[in-house]
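In what follows, a structure is listed as C-alpha cells, so that the remarks can point back to it.
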2 protein chains.
Amino acid sequence: MREFRKSVRVLLIDDNQDHLRGVKELITLESSYEVISTTTSANLGINLIKKYHPDLVLMDINMPEKDGLQAIQEIEKLELGTKVIALSGYDDSDLIFRAMKLGAKGYILKTMASAQLIRAMDEVSQGKVYLPAVLSSRFFEYFQASYKEETSMSEENLLNYLTAREEEVLDLLTQGNNYKGIASKLFISETTVKTHVNNIFQKLQVNDRTQAVLYALNNGFSNKRRKVKIA
Amino acid sequence: MREFRKSVRVLLIDDNQDHLRGVKELITLESSYEVISTTTSANLGINLIKKYHPDLVLMDINMPEKDGLQAIQEIEKLELGTKVIALSGYDDSDLIFRAMKLGAKGYILKTMASAQLIRAMDEVSQGKVYLPAVLSSRFFEYFQASYKEETSMSEENLLNYLTAREEEVLDLLTQGNNYKGIASKLFISETTVKTHVNNIFQKLQVNDRTQAVLYALNNGFSNKRRKVKIA
DNA sequence: TAATATTTAAATCTTTAGATTGATAAAAAG
DNA sequence: CTTTTTATCAATCTAAAGATTTAAATATTA
C-alpha cells in the first residue's frame, strides 16, 4: 500500500530576490515540498511563521537588516516545532557553530549542489539534524578547540589548592552571595567567611570576589561541581 | 608521477582479544596502514603511545579496567598529535558527546561495516574529524539539547536594555576590573563609571558587580561581544 | 603521639563599592 | 525643532569588602 504523505510546508527567507526565486523553483520540482511563502525580510519572516506555522524554514543568515542568527533564536523561542535550515555564503566555523548552537537543524552553503539542499531538507523534515560532511568536520574542529582550553588548562589549576570548605565558600560566591549570605548558608560567622574568602584570594592570586568568581568559572569550577553531583 | 605516501602507523587498544585480531586483520589488508602494536590495556596503550608516537589510535572506550574516555583525555594531554578514533558498542549520545569533547577525532560503532571504519581512518588521518551521519545526527541532538536551556532562558534578556557605553563598562567588569581600572581604560572619570555601573545594576536587577558579571555570563554576554569584535 | 592542616572566630583598619541627588552637553528620536 | 536618551562629572554618605594579626579547637597525617 502506498503511504500517503502530506507535503512538507516550507517558508523561504532570503534578502536576495534572485536566490529566493531560484530556490523556490528548485523546491517546487520536488513533489513532497510545498513553498507556502517567501520573503526578503527576517522580521516579516518571523511574522509569517507565527501565522502559518511552516514545517521547515530555509533562511539566509547573511542578511544586513537583521542578524540571521538572532532570527533563528527568535524562531526557536516560539517553540512551534519549526525546523530551520541555515543558508549561508560562508563556511565560517564560528557561524556554523553558533547557528547550530541556537538550534538550526541544518546548515547549507549556497555554493553547494541543489541535491545537497534537498538531502538536508529530507533529513531535517524527518526530524534529524543534518550537516554535510565538509561542514560537520569544520564544526567539530571548532567544537573541540573550544573545549581544548579547559582540558589542557587543568594541568596546574589553582582551584586544586582549595580546601573543601573553601570550595563551598567559592561555590556560594559564584552564586552571587555576599558575606552575610554565605555566613547564614554555612551557619558560620561572617568573620569566618571573610577569613575563607581571603584565603581563597591568596590561593587563586586574585584581588577581589569578582576576579575569584571569574577564575573559578574559567577554570572548570562549575564543571567540577556538576561532575560531583552526577557521579 | 605517483605520490609516495608513508603508511599511517596505527595502534589498537581493545580489551576484547577477538575483536582486536579482527580489526588488525582488516587493517592489514589496507596498504596505507600499518598496525605497529596492539594491546588489551588502556594503561599499556598510553605507554606504547609515549614510546612509538603512532599517527592513529583505535580505542575501545567500553573497557572495564580504565575508563576509555579518561584514556582519551590522557592521550590528548600528551599533545603528540596522535589522533584517536573511539570504538564503541553503543550509540549512546552522551558517550559520543563526551568522547568528541575530549578530543576524539572519530567515533565508530563496532557493529558498523568495516568500510565505515576505513572511511573514518582515511578522513581522520588526513586531519579531519569524522562521524558517520547517523552518529553526527545523534551528537547534534545532544549538543542542541544542552544549549536549549540557555537559549530559552533568555525570554526577556535584560542585557538588551543596556546602552552601548554600559555594555563596554560591563565588558570590563566581566574582565575583573575595578572602578579605577575601568575609568582609565575608557578615559573617563571614576564617578562616571560609578554612574554607569549603578545604571547597569538597575537594568539587570542585581545588587553588586559580581551578580552583574554572573548575569552577563549566564545570558550570552560574552557571545555578543565576540560577534561585535568579528563583524 | 607529635606535627601539620583545617576550620572556626574576633578585632581593627583601610579601601572599595554602592546609593543618591543633582547637573550639563551632546546625540538621537519624535 | 522640541523632547528624550545618553554620556559625562561631582559631592556625599553608608555599607560592604578586603587586609592583617592573633588564636583556639578540631582533624589529619606522618
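So you can find residues: chains in the C-alpha cells are A, B, ... in the order shown, residues in each start at 1, and ligands are numbered from 1 in order.
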
Members of chain A assigned strand (DSSP E or B) by DSSP, as a ChimeraX atom specification = /A:8-13,33-39,56-60,83-88,106-109,130

Can you tell me, as a ChimeraX atom specification, what residues are no more than 10 Å from D:DA17 when counting only C-alpha atoms (C1' of nucleotides), ignoring any on the same chain fewer than 4 positions away?
-> /A:178-179,194,208-209 /C:15-17

Dump N, CA and C atoms (P, O5', C5', C4', C3', O3' and C1' of nucleotides) for the selected residues as a compact mmCIF listing (two decimals), in the first residue's frame?
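Contents of selection-v1.txt, as written:
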# COMPACT_ATOMS: atom_id res chain seq x y z
N ASN A 178 26.85 37.55 49.12
CA ASN A 178 27.79 38.39 49.86
C ASN A 178 28.17 37.67 51.16
N TYR A 179 28.97 38.35 51.97
CA TYR A 179 29.45 37.70 53.20
C TYR A 179 28.28 37.20 54.06
N LYS A 194 34.96 35.74 55.92
CA LYS A 194 35.99 36.67 55.44
C LYS A 194 37.36 35.99 55.42
N ASP A 208 39.87 40.43 44.27
CA ASP A 208 38.53 40.60 44.79
C ASP A 208 37.63 39.44 44.37
N ARG A 209 36.41 39.45 44.87
CA ARG A 209 35.49 38.35 44.66
C ARG A 209 35.12 38.16 43.19
P DT C 15 44.17 53.38 52.72
O5' DT C 15 43.22 52.64 51.68
C5' DT C 15 43.44 51.27 51.40
C4' DT C 15 42.23 50.67 50.73
C3' DT C 15 41.71 51.48 49.53
O3' DT C 15 41.61 50.57 48.45
C1' DT C 15 39.94 50.86 50.95
P DT C 16 41.81 51.20 46.96
O5' DT C 16 40.63 50.48 46.17
C5' DT C 16 39.33 50.92 46.49
C4' DT C 16 38.40 49.73 46.49
C3' DT C 16 37.35 49.92 45.43
O3' DT C 16 36.99 48.67 44.89
C1' DT C 16 36.37 49.99 47.61
P DA C 17 36.11 48.68 43.55
O5' DA C 17 34.66 48.28 44.07
C5' DA C 17 34.51 47.89 45.44
C4' DA C 17 33.06 47.79 45.82
C3' DA C 17 32.04 48.05 44.72
O3' DA C 17 30.95 47.19 44.96
C1' DA C 17 31.77 49.65 46.43

What are the residues of chain B that have an atom within 12 Å of an atom of chain C, counting only C-alpha atoms (C1' of nucleotides), as a ChimeraX atom specification?
-> /B:178-180,190-191,193-199,201-202,206-210

Output for the residues just chosen: all heavy atoms as a compact mmCIF listing (two decimals), in the first residue's frame:
# COMPACT_ATOMS: atom_id res chain seq x y z
N ASN B 178 38.19 46.95 38.46
CA ASN B 178 37.50 47.76 39.46
C ASN B 178 37.22 49.13 38.83
O ASN B 178 37.53 49.37 37.66
CB ASN B 178 38.33 47.88 40.74
CG ASN B 178 39.70 48.48 40.49
OD1 ASN B 178 39.97 49.03 39.42
ND2 ASN B 178 40.57 48.35 41.46
N TYR B 179 36.64 50.04 39.64
CA TYR B 179 36.28 51.35 39.08
C TYR B 179 37.48 52.06 38.45
O TYR B 179 37.39 52.58 37.35
CB TYR B 179 35.69 52.24 40.19
CG TYR B 179 34.30 51.85 40.62
CD1 TYR B 179 33.96 51.77 41.96
CD2 TYR B 179 33.32 51.57 39.67
CE1 TYR B 179 32.68 51.42 42.35
CE2 TYR B 179 32.03 51.23 40.05
CZ TYR B 179 31.72 51.15 41.40
OH TYR B 179 30.46 50.80 41.79
N LYS B 180 38.59 52.04 39.16
CA LYS B 180 39.77 52.75 38.69
C LYS B 180 40.22 52.19 37.33
O LYS B 180 40.52 52.95 36.41
CB LYS B 180 40.89 52.61 39.73
CG LYS B 180 41.94 53.70 39.65
CD LYS B 180 43.02 53.51 40.71
CE LYS B 180 42.46 53.72 42.11
NZ LYS B 180 43.47 53.53 43.16
N GLU B 190 36.22 58.33 37.37
CA GLU B 190 35.76 57.22 38.16
C GLU B 190 34.28 57.40 38.54
O GLU B 190 33.55 56.42 38.63
CB GLU B 190 36.62 57.12 39.43
CG GLU B 190 36.87 55.71 39.89
CD GLU B 190 37.91 55.65 40.99
OE1 GLU B 190 38.97 56.31 40.83
OE2 GLU B 190 37.66 54.97 42.00
N THR B 191 33.88 58.60 38.77
CA THR B 191 32.49 58.83 39.16
C THR B 191 31.55 58.51 38.01
O THR B 191 30.43 58.02 38.22
CB THR B 191 32.28 60.30 39.59
OG1 THR B 191 32.62 61.16 38.51
CG2 THR B 191 33.10 60.62 40.81
N VAL B 193 32.08 56.21 35.81
CA VAL B 193 31.99 54.76 35.80
C VAL B 193 30.99 54.29 36.85
O VAL B 193 30.16 53.42 36.58
CB VAL B 193 33.37 54.12 36.08
CG1 VAL B 193 33.25 52.61 36.11
CG2 VAL B 193 34.38 54.56 35.03
N LYS B 194 31.04 54.91 38.00
CA LYS B 194 30.09 54.54 39.06
C LYS B 194 28.66 54.75 38.59
O LYS B 194 27.79 53.92 38.86
CB LYS B 194 30.35 55.39 40.31
CG LYS B 194 31.58 54.99 41.08
CD LYS B 194 31.57 55.61 42.47
CE LYS B 194 32.78 55.15 43.27
NZ LYS B 194 32.69 55.54 44.68
N THR B 195 28.44 55.84 37.90
CA THR B 195 27.09 56.10 37.38
C THR B 195 26.66 54.99 36.44
O THR B 195 25.57 54.45 36.56
CB THR B 195 27.07 57.44 36.63
OG1 THR B 195 27.57 58.46 37.48
CG2 THR B 195 25.65 57.79 36.19
N HIS B 196 27.54 54.66 35.51
CA HIS B 196 27.22 53.61 34.55
C HIS B 196 26.94 52.29 35.27
O HIS B 196 25.96 51.60 34.98
CB HIS B 196 28.37 53.41 33.57
CG HIS B 196 28.47 54.50 32.56
ND1 HIS B 196 27.40 54.96 31.82
CD2 HIS B 196 29.53 55.24 32.14
CE1 HIS B 196 27.79 55.93 31.01
NE2 HIS B 196 29.08 56.12 31.19
N VAL B 197 27.82 51.97 36.20
CA VAL B 197 27.68 50.69 36.90
C VAL B 197 26.37 50.64 37.68
O VAL B 197 25.66 49.64 37.66
CB VAL B 197 28.88 50.46 37.85
CG1 VAL B 197 28.62 49.27 38.76
CG2 VAL B 197 30.15 50.23 37.03
N ASN B 198 26.02 51.74 38.32
CA ASN B 198 24.75 51.78 39.04
C ASN B 198 23.57 51.62 38.10
O ASN B 198 22.60 50.94 38.43
CB ASN B 198 24.64 53.08 39.83
CG ASN B 198 25.22 52.93 41.22
OD1 ASN B 198 24.62 52.26 42.06
ND2 ASN B 198 26.39 53.50 41.44
N ASN B 199 23.66 52.24 36.94
CA ASN B 199 22.59 52.08 35.96
C ASN B 199 22.50 50.63 35.47
O ASN B 199 21.41 50.09 35.27
CB ASN B 199 22.82 53.01 34.77
CG ASN B 199 22.59 54.46 35.14
OD1 ASN B 199 21.81 54.76 36.05
ND2 ASN B 199 23.26 55.36 34.46
N PHE B 201 23.30 48.01 37.23
CA PHE B 201 22.67 47.26 38.32
C PHE B 201 21.15 47.37 38.25
O PHE B 201 20.43 46.39 38.41
CB PHE B 201 23.16 47.77 39.68
CG PHE B 201 24.59 47.46 39.97
CD1 PHE B 201 25.24 48.05 41.05
CD2 PHE B 201 25.32 46.58 39.18
CE1 PHE B 201 26.56 47.78 41.34
CE2 PHE B 201 26.64 46.29 39.46
CZ PHE B 201 27.27 46.90 40.54
N GLN B 202 20.68 48.60 38.05
CA GLN B 202 19.24 48.81 37.96
C GLN B 202 18.66 47.97 36.83
O GLN B 202 17.68 47.26 37.01
CB GLN B 202 18.94 50.29 37.69
CG GLN B 202 19.42 51.24 38.78
CD GLN B 202 18.82 50.94 40.14
OE1 GLN B 202 17.63 50.68 40.24
NE2 GLN B 202 19.64 50.94 41.18
N VAL B 206 20.29 43.64 39.75
CA VAL B 206 21.22 42.97 40.64
C VAL B 206 21.73 43.97 41.68
O VAL B 206 21.47 45.18 41.57
CB VAL B 206 22.42 42.38 39.86
CG1 VAL B 206 21.95 41.32 38.89
CG2 VAL B 206 23.19 43.47 39.15
N ASN B 207 22.45 43.45 42.67
CA ASN B 207 22.88 44.30 43.76
C ASN B 207 24.35 44.68 43.73
O ASN B 207 24.75 45.66 44.33
CB ASN B 207 22.60 43.60 45.10
CG ASN B 207 21.13 43.22 45.23
OD1 ASN B 207 20.26 44.06 45.00
ND2 ASN B 207 20.87 41.98 45.58
N ASP B 208 25.15 43.87 43.08
CA ASP B 208 26.58 44.18 43.05
C ASP B 208 27.24 43.69 41.77
O ASP B 208 26.60 43.02 40.95
CB ASP B 208 27.28 43.60 44.28
CG ASP B 208 27.06 42.11 44.41
OD1 ASP B 208 27.32 41.40 43.42
OD2 ASP B 208 26.60 41.66 45.47
N ARG B 209 28.50 44.01 41.62
CA ARG B 209 29.21 43.72 40.38
C ARG B 209 29.34 42.23 40.11
O ARG B 209 29.27 41.80 38.96
CB ARG B 209 30.60 44.36 40.40
CG ARG B 209 31.52 43.84 41.51
CD ARG B 209 32.80 44.60 41.45
NE ARG B 209 32.52 46.03 41.45
CZ ARG B 209 33.26 46.93 40.84
NH1 ARG B 209 34.34 46.55 40.19
NH2 ARG B 209 32.95 48.21 40.90
N THR B 210 29.50 41.46 41.16
CA THR B 210 29.63 40.02 40.95
C THR B 210 28.36 39.45 40.33
O THR B 210 28.41 38.66 39.38
CB THR B 210 29.94 39.30 42.27
OG1 THR B 210 31.08 39.92 42.88
CG2 THR B 210 30.25 37.85 42.03

Find the spatial neighbours of stretch 45-56 of chain B, counting only C-alpha atoms (C1' of nucleotides), within a cut-off of 10 Å - ignore same-chain residues fewer than 2 positions away - and output them as a ChimeraX atom specification.
-> /B:7-14,33-43,58-59,71-72,74-75,78,80-85,105,121,124-125

Got a sec to tell me which of stretch 10-183 of chain A DSSP assigns to alpha helix (DSSP H), as a count of residues only?
-> 91

Chain A contacts on chain D, only C-alpha atoms (C1' of nucleotides), 9 Å, as an NGL selection string = :D and (16-19)

Report, to one decimal in Å, the C-alpha RMSD of chain B against chain A after an in-order least-squares superposition over all those atoms.
->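 So the superposition leaves a C-alpha RMSD of 2.7 Å.
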
Could you list the residues in chain A lying within 8 Å of chain B, using only C-alpha atoms, and format the result as number ranges by chain?
-> A: 73, 76-77, 100-103, 128-130, 133, 136-138, 140-141, 143-144, 147-148, 151-152, 174-176, 209-211, 213-214

Can you write out the residues you just picked, keeping N, CA and C atoms, as a PDB file, in the first residue's frame?
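Result file is result_11.pdb:
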ATOM      1  N   GLN A  73      17.243  32.333  16.700  1.00  0.00           N
ATOM      2  CA  GLN A  73      16.966  32.314  18.132  1.00  0.00           C
ATOM      3  C   GLN A  73      15.496  32.649  18.408  1.00  0.00           C
ATOM      4  N   GLU A  76      13.233  29.787  17.411  1.00  0.00           N
ATOM      5  CA  GLU A  76      13.293  28.704  18.390  1.00  0.00           C
ATOM      6  C   GLU A  76      12.493  29.059  19.635  1.00  0.00           C
ATOM      7  N   LYS A  77      12.517  30.326  19.959  1.00  0.00           N
ATOM      8  CA  LYS A  77      11.827  30.777  21.156  1.00  0.00           C
ATOM      9  C   LYS A  77      10.308  30.598  21.025  1.00  0.00           C
ATOM     10  N   MET A 100      24.165  26.293  14.837  1.00  0.00           N
ATOM     11  CA  MET A 100      23.759  25.009  15.400  1.00  0.00           C
ATOM     12  C   MET A 100      23.439  25.154  16.882  1.00  0.00           C
ATOM     13  N   LYS A 101      24.234  25.952  17.554  1.00  0.00           N
ATOM     14  CA  LYS A 101      24.030  26.186  18.968  1.00  0.00           C
ATOM     15  C   LYS A 101      22.652  26.787  19.226  1.00  0.00           C
ATOM     16  N   LEU A 102      22.228  27.637  18.323  1.00  0.00           N
ATOM     17  CA  LEU A 102      20.939  28.304  18.502  1.00  0.00           C
ATOM     18  C   LEU A 102      19.772  27.439  18.059  1.00  0.00           C
ATOM     19  N   GLY A 103      20.084  26.280  17.493  1.00  0.00           N
ATOM     20  CA  GLY A 103      19.003  25.349  17.190  1.00  0.00           C
ATOM     21  C   GLY A 103      18.731  25.087  15.725  1.00  0.00           C
ATOM     22  N   LYS A 128      15.721  14.736  11.828  1.00  0.00           N
ATOM     23  CA  LYS A 128      17.148  14.635  12.104  1.00  0.00           C
ATOM     24  C   LYS A 128      17.832  15.989  11.991  1.00  0.00           C
ATOM     25  N   VAL A 129      19.068  15.996  12.417  1.00  0.00           N
ATOM     26  CA  VAL A 129      19.891  17.185  12.239  1.00  0.00           C
ATOM     27  C   VAL A 129      20.886  16.844  11.154  1.00  0.00           C
ATOM     28  N   TYR A 130      21.049  17.733  10.209  1.00  0.00           N
ATOM     29  CA  TYR A 130      21.930  17.375   9.098  1.00  0.00           C
ATOM     30  C   TYR A 130      22.934  18.460   8.720  1.00  0.00           C
ATOM     31  N   ALA A 133      29.127  16.603   5.278  1.00  0.00           N
ATOM     32  CA  ALA A 133      30.373  16.127   5.885  1.00  0.00           C
ATOM     33  C   ALA A 133      31.424  17.224   6.002  1.00  0.00           C
ATOM     34  N   SER A 136      30.384  19.507   8.848  1.00  0.00           N
ATOM     35  CA  SER A 136      30.403  18.908  10.180  1.00  0.00           C
ATOM     36  C   SER A 136      31.844  18.745  10.649  1.00  0.00           C
ATOM     37  N   SER A 137      32.733  18.485   9.692  1.00  0.00           N
ATOM     38  CA  SER A 137      34.146  18.410  10.025  1.00  0.00           C
ATOM     39  C   SER A 137      34.631  19.749  10.589  1.00  0.00           C
ATOM     40  N   ARG A 138      34.223  20.822   9.941  1.00  0.00           N
ATOM     41  CA  ARG A 138      34.573  22.165  10.411  1.00  0.00           C
ATOM     42  C   ARG A 138      33.982  22.423  11.783  1.00  0.00           C
ATOM     43  N   PHE A 140      33.203  20.305  14.104  1.00  0.00           N
ATOM     44  CA  PHE A 140      33.862  19.554  15.173  1.00  0.00           C
ATOM     45  C   PHE A 140      35.216  20.149  15.540  1.00  0.00           C
ATOM     46  N   GLU A 141      35.918  20.652  14.551  1.00  0.00           N
ATOM     47  CA  GLU A 141      37.193  21.295  14.863  1.00  0.00           C
ATOM     48  C   GLU A 141      36.970  22.457  15.818  1.00  0.00           C
ATOM     49  N   PHE A 143      34.366  22.993  17.697  1.00  0.00           N
ATOM     50  CA  PHE A 143      33.842  22.445  18.948  1.00  0.00           C
ATOM     51  C   PHE A 143      34.970  21.967  19.859  1.00  0.00           C
ATOM     52  N   GLN A 144      35.874  21.206  19.272  1.00  0.00           N
ATOM     53  CA  GLN A 144      36.959  20.663  20.091  1.00  0.00           C
ATOM     54  C   GLN A 144      37.920  21.745  20.537  1.00  0.00           C
ATOM     55  N   TYR A 147      36.810  23.444  23.590  1.00  0.00           N
ATOM     56  CA  TYR A 147      36.905  22.656  24.830  1.00  0.00           C
ATOM     57  C   TYR A 147      38.352  22.363  25.205  1.00  0.00           C
ATOM     58  N   LYS A 148      39.251  22.604  24.257  1.00  0.00           N
ATOM     59  CA  LYS A 148      40.645  22.227  24.491  1.00  0.00           C
ATOM     60  C   LYS A 148      41.238  22.971  25.673  1.00  0.00           C
ATOM     61  N   THR A 151      40.439  21.471  28.945  1.00  0.00           N
ATOM     62  CA  THR A 151      41.101  20.194  29.152  1.00  0.00           C
ATOM     63  C   THR A 151      42.574  20.369  29.468  1.00  0.00           C
ATOM     64  N   SER A 152      43.255  21.139  28.612  1.00  0.00           N
ATOM     65  CA  SER A 152      44.702  21.228  28.775  1.00  0.00           C
ATOM     66  C   SER A 152      45.066  22.148  29.942  1.00  0.00           C
ATOM     67  N   THR A 174      30.195  32.141  43.620  1.00  0.00           N
ATOM     68  CA  THR A 174      29.822  32.070  42.200  1.00  0.00           C
ATOM     69  C   THR A 174      28.311  32.064  42.011  1.00  0.00           C
ATOM     70  N   GLN A 175      27.592  32.143  43.126  1.00  0.00           N
ATOM     71  CA  GLN A 175      26.140  32.274  43.007  1.00  0.00           C
ATOM     72  C   GLN A 175      25.699  33.670  43.387  1.00  0.00           C
ATOM     73  N   GLY A 176      26.693  34.548  43.569  1.00  0.00           N
ATOM     74  CA  GLY A 176      26.361  35.948  43.811  1.00  0.00           C
ATOM     75  C   GLY A 176      26.086  36.319  45.250  1.00  0.00           C
ATOM     76  N   ARG A 209      36.412  39.453  44.867  1.00  0.00           N
ATOM     77  CA  ARG A 209      35.487  38.350  44.659  1.00  0.00           C
ATOM     78  C   ARG A 209      35.116  38.159  43.190  1.00  0.00           C
ATOM     79  N   THR A 210      35.010  39.271  42.477  1.00  0.00           N
ATOM     80  CA  THR A 210      34.630  39.147  41.076  1.00  0.00           C
ATOM     81  C   THR A 210      35.711  38.379  40.311  1.00  0.00           C
ATOM     82  N   GLN A 211      36.948  38.723  40.577  1.00  0.00           N
ATOM     83  CA  GLN A 211      38.040  38.017  39.917  1.00  0.00           C
ATOM     84  C   GLN A 211      38.076  36.552  40.339  1.00  0.00           C
ATOM     85  N   VAL A 213      35.506  34.727  41.215  1.00  0.00           N
ATOM     86  CA  VAL A 213      34.401  34.065  40.517  1.00  0.00           C
ATOM     87  C   VAL A 213      34.769  33.814  39.054  1.00  0.00           C
ATOM     88  N   LEU A 214      35.385  34.807  38.435  1.00  0.00           N
ATOM     89  CA  LEU A 214      35.775  34.651  37.032  1.00  0.00           C
ATOM     90  C   LEU A 214      36.811  33.550  36.880  1.00  0.00           C
TER      91      LEU A 214
END

Two-atom distance - atom CA of A:Ile108, atom CA of A:Ser32 (Å) |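 About the pair atom CA of A:Ile108 and atom CA of A:Ser32: they are 19.5 Å apart.
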